[in-house]
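Text of data-v4.cif (mmCIF, C-alpha atoms) as supplied:
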```cif
data_data
loop_
_atom_site.label_atom_id
_atom_site.label_comp_id
_atom_site.auth_asym_id
_atom_site.auth_seq_id
_atom_site.Cartn_x
_atom_site.Cartn_y
_atom_site.Cartn_z
CA MET V 1 182.19 222.59 93.74
CA THR V 2 180.48 222.64 90.34
CA LYS V 3 176.82 223.44 90.08
CA ASP V 4 174.49 221.95 87.52
CA LYS V 5 171.22 223.31 86.19
CA ILE V 6 168.53 221.11 87.73
CA ILE V 7 164.88 220.87 86.69
CA ILE V 8 162.51 219.47 89.30
CA ALA V 9 158.86 218.66 88.55
CA ILE V 10 156.68 218.56 91.65
CA TYR V 11 153.15 217.13 91.55
CA VAL V 12 151.08 218.69 94.36
CA ASP V 13 147.50 219.02 95.57
CA ASN V 14 145.87 222.00 93.86
CA LYS V 15 145.10 223.78 97.14
CA PHE V 16 145.61 227.14 98.76
CA GLY V 17 149.05 227.61 100.35
CA VAL V 18 150.86 224.67 98.73
CA LEU V 19 153.07 226.82 96.49
CA SER V 20 153.98 228.97 99.48
CA ARG V 21 155.07 225.92 101.49
CA VAL V 22 157.16 224.59 98.61
CA THR V 23 158.99 227.88 98.00
CA ALA V 24 159.45 228.44 101.75
CA MET V 25 161.38 225.17 101.90
CA PHE V 26 163.86 226.56 99.37
CA THR V 27 164.16 229.80 101.34
CA ARG V 28 164.75 227.99 104.65
CA ARG V 29 167.47 225.84 103.08
CA GLY V 30 169.16 228.80 101.35
CA PHE V 31 168.58 227.64 97.78
CA ASN V 32 167.95 230.18 95.03
CA ILE V 33 165.24 229.33 92.50
CA ASP V 34 166.25 230.33 88.96
CA SER V 35 162.77 229.87 87.52
CA LEU V 36 159.40 228.67 88.73
CA THR V 37 156.26 227.81 86.80
CA VAL V 38 153.06 226.36 88.17
CA GLY V 39 149.76 225.33 86.68
CA GLU V 40 146.91 222.89 86.84
CA THR V 41 147.60 219.44 85.38
CA GLU V 42 145.46 217.17 83.23
CA SER V 43 143.74 216.34 86.51
CA PRO V 44 142.26 219.55 88.08
CA GLU V 45 142.81 218.39 91.66
CA TYR V 46 146.59 218.54 91.11
CA SER V 47 149.07 221.22 90.08
CA ARG V 48 152.53 220.81 88.64
CA ILE V 49 155.32 223.03 89.87
CA THR V 50 158.45 223.14 87.71
CA ILE V 51 161.47 224.62 89.47
CA THR V 52 164.87 225.26 87.92
CA LEU V 53 167.90 225.88 90.12
CA SER V 54 171.66 225.62 90.04
CA ALA V 55 172.94 223.20 92.64
CA ALA V 56 175.58 220.59 93.36
CA LYS V 57 174.60 216.90 93.29
CA THR V 58 174.49 216.69 97.09
CA ASP V 59 172.27 219.77 97.25
CA LYS V 60 169.96 218.29 94.60
CA ASP V 61 169.52 215.14 96.65
CA GLN V 62 168.80 217.22 99.77
CA VAL V 63 166.22 219.37 97.96
CA VAL V 64 164.41 216.33 96.54
CA SER V 65 164.40 214.64 99.94
CA GLN V 66 163.01 217.74 101.67
CA LEU V 67 160.34 218.25 99.00
CA ARG V 68 159.12 214.68 99.38
CA LYS V 69 158.54 215.30 103.09
CA LEU V 70 156.16 218.22 102.49
CA TYR V 71 152.46 217.69 103.05
CA ASN V 72 150.48 218.03 99.78
CA VAL V 73 153.48 216.98 97.67
CA LYS V 74 152.48 213.83 95.81
CA LYS V 75 155.55 213.18 93.66
CA VAL V 76 158.93 214.76 92.94
CA VAL V 77 160.82 214.01 89.71
CA VAL V 78 164.20 215.37 88.59
CA LEU V 79 164.03 215.79 84.84
CA SER V 80 167.21 214.96 82.95
CA GLY V 81 168.33 217.55 80.40
CA GLU V 82 168.73 215.03 77.57
CA ASP V 83 165.51 213.15 78.21
CA CYS V 84 163.10 216.05 78.44
CA ILE V 85 161.60 218.78 76.32
CA LYS V 86 162.10 222.27 77.78
CA ARG V 87 160.47 225.50 76.67
CA GLU V 88 160.07 229.09 77.79
CA LEU V 89 157.75 231.85 76.62
CA LEU V 90 158.81 235.46 76.09
CA LEU V 91 156.47 238.37 75.50
CA ILE V 92 158.50 241.41 74.46
CA LYS V 93 157.66 244.93 73.35
CA VAL V 94 160.30 246.57 71.12
CA LYS V 95 160.46 250.19 69.92
CA ASN V 96 159.07 250.46 66.40
CA SER V 97 160.23 252.91 63.77
CA GLU V 98 160.03 253.03 60.00
CA GLU V 99 163.78 252.29 59.80
CA ASN V 100 163.86 249.44 62.34
CA ARG V 101 160.59 247.67 61.50
CA PRO V 102 161.89 245.55 58.58
CA VAL V 103 164.91 244.34 60.57
CA ILE V 104 162.82 243.57 63.67
CA LEU V 105 160.29 241.64 61.56
CA GLU V 106 163.10 239.72 59.80
CA THR V 107 164.64 238.88 63.18
CA ALA V 108 161.21 237.71 64.36
CA ASN V 109 160.94 235.53 61.26
CA ILE V 110 164.38 233.96 61.84
CA PHE V 111 163.50 233.15 65.46
CA ARG V 112 159.96 232.05 64.51
CA ALA V 113 158.50 234.72 66.76
CA LYS V 114 154.88 235.79 66.36
CA VAL V 115 153.89 239.43 66.06
CA ILE V 116 151.02 239.84 68.51
CA ASP V 117 150.60 243.62 68.33
CA LEU V 118 151.89 246.18 65.87
CA GLY V 119 151.59 249.84 66.70
CA GLU V 120 153.25 253.00 65.46
CA GLU V 121 155.67 253.12 68.39
CA ALA V 122 155.97 249.46 69.44
CA ILE V 123 155.97 245.90 68.15
CA SER V 124 154.92 243.20 70.61
CA LEU V 125 156.22 239.71 69.92
CA GLU V 126 155.80 236.21 71.33
CA VAL V 127 158.75 233.82 71.26
CA THR V 128 158.82 230.23 72.51
CA GLY V 129 161.79 227.92 72.68
CA ASP V 130 164.69 226.82 74.82
CA SER V 131 166.51 229.31 77.03
CA GLN V 132 169.31 229.86 74.52
CA LYS V 133 166.84 230.80 71.79
CA ILE V 134 165.08 233.26 74.11
CA ASP V 135 168.43 234.77 75.17
CA GLY V 136 169.50 235.05 71.52
CA PHE V 137 166.30 236.80 70.49
CA ILE V 138 166.61 239.32 73.34
CA GLN V 139 170.22 240.08 72.36
CA ASN V 140 169.24 240.62 68.72
CA VAL V 141 166.42 243.09 69.43
CA ARG V 142 168.07 244.89 72.36
CA VAL V 143 169.74 247.38 69.99
CA TYR V 144 166.31 248.63 68.84
CA GLY V 145 165.15 249.34 72.39
CA ILE V 146 163.23 246.97 74.59
CA ILE V 147 160.26 248.78 76.11
CA GLU V 148 159.04 245.91 78.26
CA MET V 149 159.38 242.17 78.48
CA CYS V 150 157.99 239.27 80.45
CA ARG V 151 159.60 235.84 80.48
CA THR V 152 158.18 232.65 81.92
CA GLY V 153 160.24 230.05 83.65
CA ILE V 154 161.05 226.72 82.08
CA VAL V 155 158.29 224.19 81.57
CA ALA V 156 159.42 220.64 80.86
CA LEU V 157 158.07 217.20 79.97
CA ASP V 158 159.76 213.83 79.56
CA ARG V 159 160.08 212.78 75.93
CA GLY V 160 157.78 210.12 74.48
CA SER V 161 154.50 208.77 75.77
CA ILE V 162 155.61 208.11 79.35
CA ASN V 163 153.67 209.87 82.11
CA ILE V 164 156.25 210.84 84.73
CA TRP V 165 153.71 210.69 87.52
CA SER V 166 152.92 207.03 87.05
CA ASN V 167 156.28 205.72 85.84
CA HIS V 168 159.04 207.30 87.95
CA GLU V 169 159.95 205.91 91.32
CA ASP V 170 159.25 208.18 94.26
#
```
As structure tokens, how would this structure be written, given the file I've shared?
Amino acid sequence: MTKDKIIIAIYVDNKFGVLSRVTAMFTRRGFNIDSLTVGETESPEYSRITITLSAAKTDKDQVVSQLRKLYNVKKVVVLSGEDCIKRELLLIKVKNSEENRPVILETANIFRAKVIDLGEEAISLEVTGDSQKIDGFIQNVRVYGIIEMCRTGIVALDRGSINIWSNHED
């Protein structure tokens, strides 16, 4: 059975315990979440949870159905890979030396990374882009020594001016 990467956007009440209930549903059903991001929406009474997982089509349908049954879940939308914009953020601290600095800075330039802190022993960088770009950047700087890194999950929006909350069927 082949598994696809699935991105699910969940519009929920911005209340205590909602995220816990949503993630508990995945745990109870035995699904592994690849990435999870959550934040307030354009309307402060709601939050948007974006979950990425690998699952078969039948599993995807089951997950969506179970999510829609949860109290405080207002809307569930599966975002199609071709029809949405996906980004991740990486903050990474790389060992700095006089020899490595020019190559690290050139790599940062190629990947359009921003230098956010430059010290004698470390360079901290910010990279945004799709997952492949983030993976590529990590691979390129790994040889210089990664001190620490923090990577967000995927955030995604439908392309164009459509608001998924008012235009997708529930």
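Using all atoms listed in the file for every distance, the candidate list V:Lys15, V:Arg151, V:Lys3, V:Lys114 yields V:Lys15 as the residue closest to Tyr71 (chain V).
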| Pick from V:Tyr144, V:Val127, V:Arg159, V:Glu40 nearest to Glu88 (chain V), counting only C-alpha atoms |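 Of V:Tyr144, V:Val127, V:Arg159, V:Glu40, the one nearest Glu88 (chain V) is V:Val127, counting only C-alpha atoms.
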| Which is closest to Gly129 (chain V) among V:Asn163, V:Thr152, V:Thr58, V:Asn32, if we use all atoms listed in the file? |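 That would be V:Thr152, the residue with the smallest distance to Gly129 (chain V).
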| task | Give the answer as one residue: which of V:Met25, V:Leu89, V:Val94, V:Ile8 has the shortest atom-to-atom distance to Thr107 (chain V), using only C-alpha atoms? | result |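 The closest residue to Thr107 (chain V) is V:Val94.
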Translate the PyMOL selection byres ((chain V and resi 91) around 12), as applied to the file shown, into an explicit residue set as an mmCIF file with C-alpha atoms, keeping the file's coordinate frame.
```
data_model
loop_
_atom_site.group_PDB
_atom_site.id
_atom_site.type_symbol
_atom_site.label_atom_id
_atom_site.label_comp_id
_atom_site.auth_asym_id
_atom_site.auth_seq_id
_atom_site.Cartn_x
_atom_site.Cartn_y
_atom_site.Cartn_z
ATOM 1 C CA GLU V 88 160.070 229.090 77.790
ATOM 2 C CA LEU V 89 157.750 231.850 76.620
ATOM 3 C CA LEU V 90 158.810 235.460 76.090
ATOM 4 C CA ILE V 92 158.500 241.410 74.460
ATOM 5 C CA LYS V 93 157.660 244.930 73.350
ATOM 6 C CA VAL V 94 160.300 246.570 71.120
ATOM 7 C CA ALA V 113 158.500 234.720 66.760
ATOM 8 C CA LYS V 114 154.880 235.790 66.360
ATOM 9 C CA VAL V 115 153.890 239.430 66.060
ATOM 10 C CA ILE V 116 151.020 239.840 68.510
ATOM 11 C CA ASP V 117 150.600 243.620 68.330
ATOM 12 C CA ILE V 123 155.970 245.900 68.150
ATOM 13 C CA SER V 124 154.920 243.200 70.610
ATOM 14 C CA LEU V 125 156.220 239.710 69.920
ATOM 15 C CA GLU V 126 155.800 236.210 71.330
ATOM 16 C CA VAL V 127 158.750 233.820 71.260
ATOM 17 C CA THR V 128 158.820 230.230 72.510
ATOM 18 C CA ILE V 134 165.080 233.260 74.110
ATOM 19 C CA PHE V 137 166.300 236.800 70.490
ATOM 20 C CA ILE V 138 166.610 239.320 73.340
ATOM 21 C CA ILE V 146 163.230 246.970 74.590
ATOM 22 C CA ILE V 147 160.260 248.780 76.110
ATOM 23 C CA GLU V 148 159.040 245.910 78.260
ATOM 24 C CA MET V 149 159.380 242.170 78.480
ATOM 25 C CA CYS V 150 157.990 239.270 80.450
ATOM 26 C CA ARG V 151 159.600 235.840 80.480
ATOM 27 C CA THR V 152 158.180 232.650 81.920
#
```
Might you pull out every residue within 9 Å of Ile154 (chain V), with all atoms listed in the file counted and same-chain residues fewer than 3 positions away left off, and present them as a PDB file with C-alpha atoms, in the coordinates of the input?
```pdb
ATOM      1  CA  ILE V   7     164.880 220.870  86.690  1.00  0.00           C
ATOM      2  CA  SER V  35     162.770 229.870  87.520  1.00  0.00           C
ATOM      3  CA  LEU V  36     159.400 228.670  88.730  1.00  0.00           C
ATOM      4  CA  THR V  37     156.260 227.810  86.800  1.00  0.00           C
ATOM      5  CA  THR V  50     158.450 223.140  87.710  1.00  0.00           C
ATOM      6  CA  ILE V  51     161.470 224.620  89.470  1.00  0.00           C
ATOM      7  CA  THR V  52     164.870 225.260  87.920  1.00  0.00           C
ATOM      8  CA  LYS V  86     162.100 222.270  77.780  1.00  0.00           C
ATOM      9  CA  ARG V  87     160.470 225.500  76.670  1.00  0.00           C
ATOM     10  CA  GLU V  88     160.070 229.090  77.790  1.00  0.00           C
ATOM     11  CA  LEU V  89     157.750 231.850  76.620  1.00  0.00           C
ATOM     12  CA  ASP V 130     164.690 226.820  74.820  1.00  0.00           C
ATOM     13  CA  SER V 131     166.510 229.310  77.030  1.00  0.00           C
TER      14      SER V 131
END
```
| With distances taken over only C-alpha atoms, which of V:Glu106, V:Glu98, V:Asp61, V:Asp13 is nearest to Val78 (chain V)? |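 Ranked by minimum distance to Val78 (chain V), first place goes to V:Asp61.
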| task | Using all atoms listed in the file, determine which residues lie at most 12 Å from Lys69 (chain V), disregarding the query and same-chain residues fewer than 5 positions distant; provide the list as a list in words. | result | Val12, Arg21, Val22, Met25, Gln62, Val63, Val64, Lys74, Lys75, Val76 and Asp170 of chain V
| CA of Glu45 (chain V) and CA of Val77 (chain V) are how many Å apart? |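 That distance, rounded to one decimal, is 18.6 Å.
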| Among the residues V:Ala56, V:Leu105, V:Ala122, V:Ala156, the one that comes closest to Ile10 (chain V) [using only C-alpha atoms] | V:Ala156
| query | What is the CA of Asp158 (chain V)-CA of Phe31 (chain V) distance in Å, reported with one decimal? | reply |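 Distance reported for this atom pair: 24.5 Å.
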| request: Would you list the contacts of Leu53 (chain V) as a ChimeraX atom specification, taking every protein, DNA or RNA residue within 6 Å and counting all atoms listed in the file, but skipping same-chain residues closer than 2 positions in sequence? | output: /V:5-6,33-34
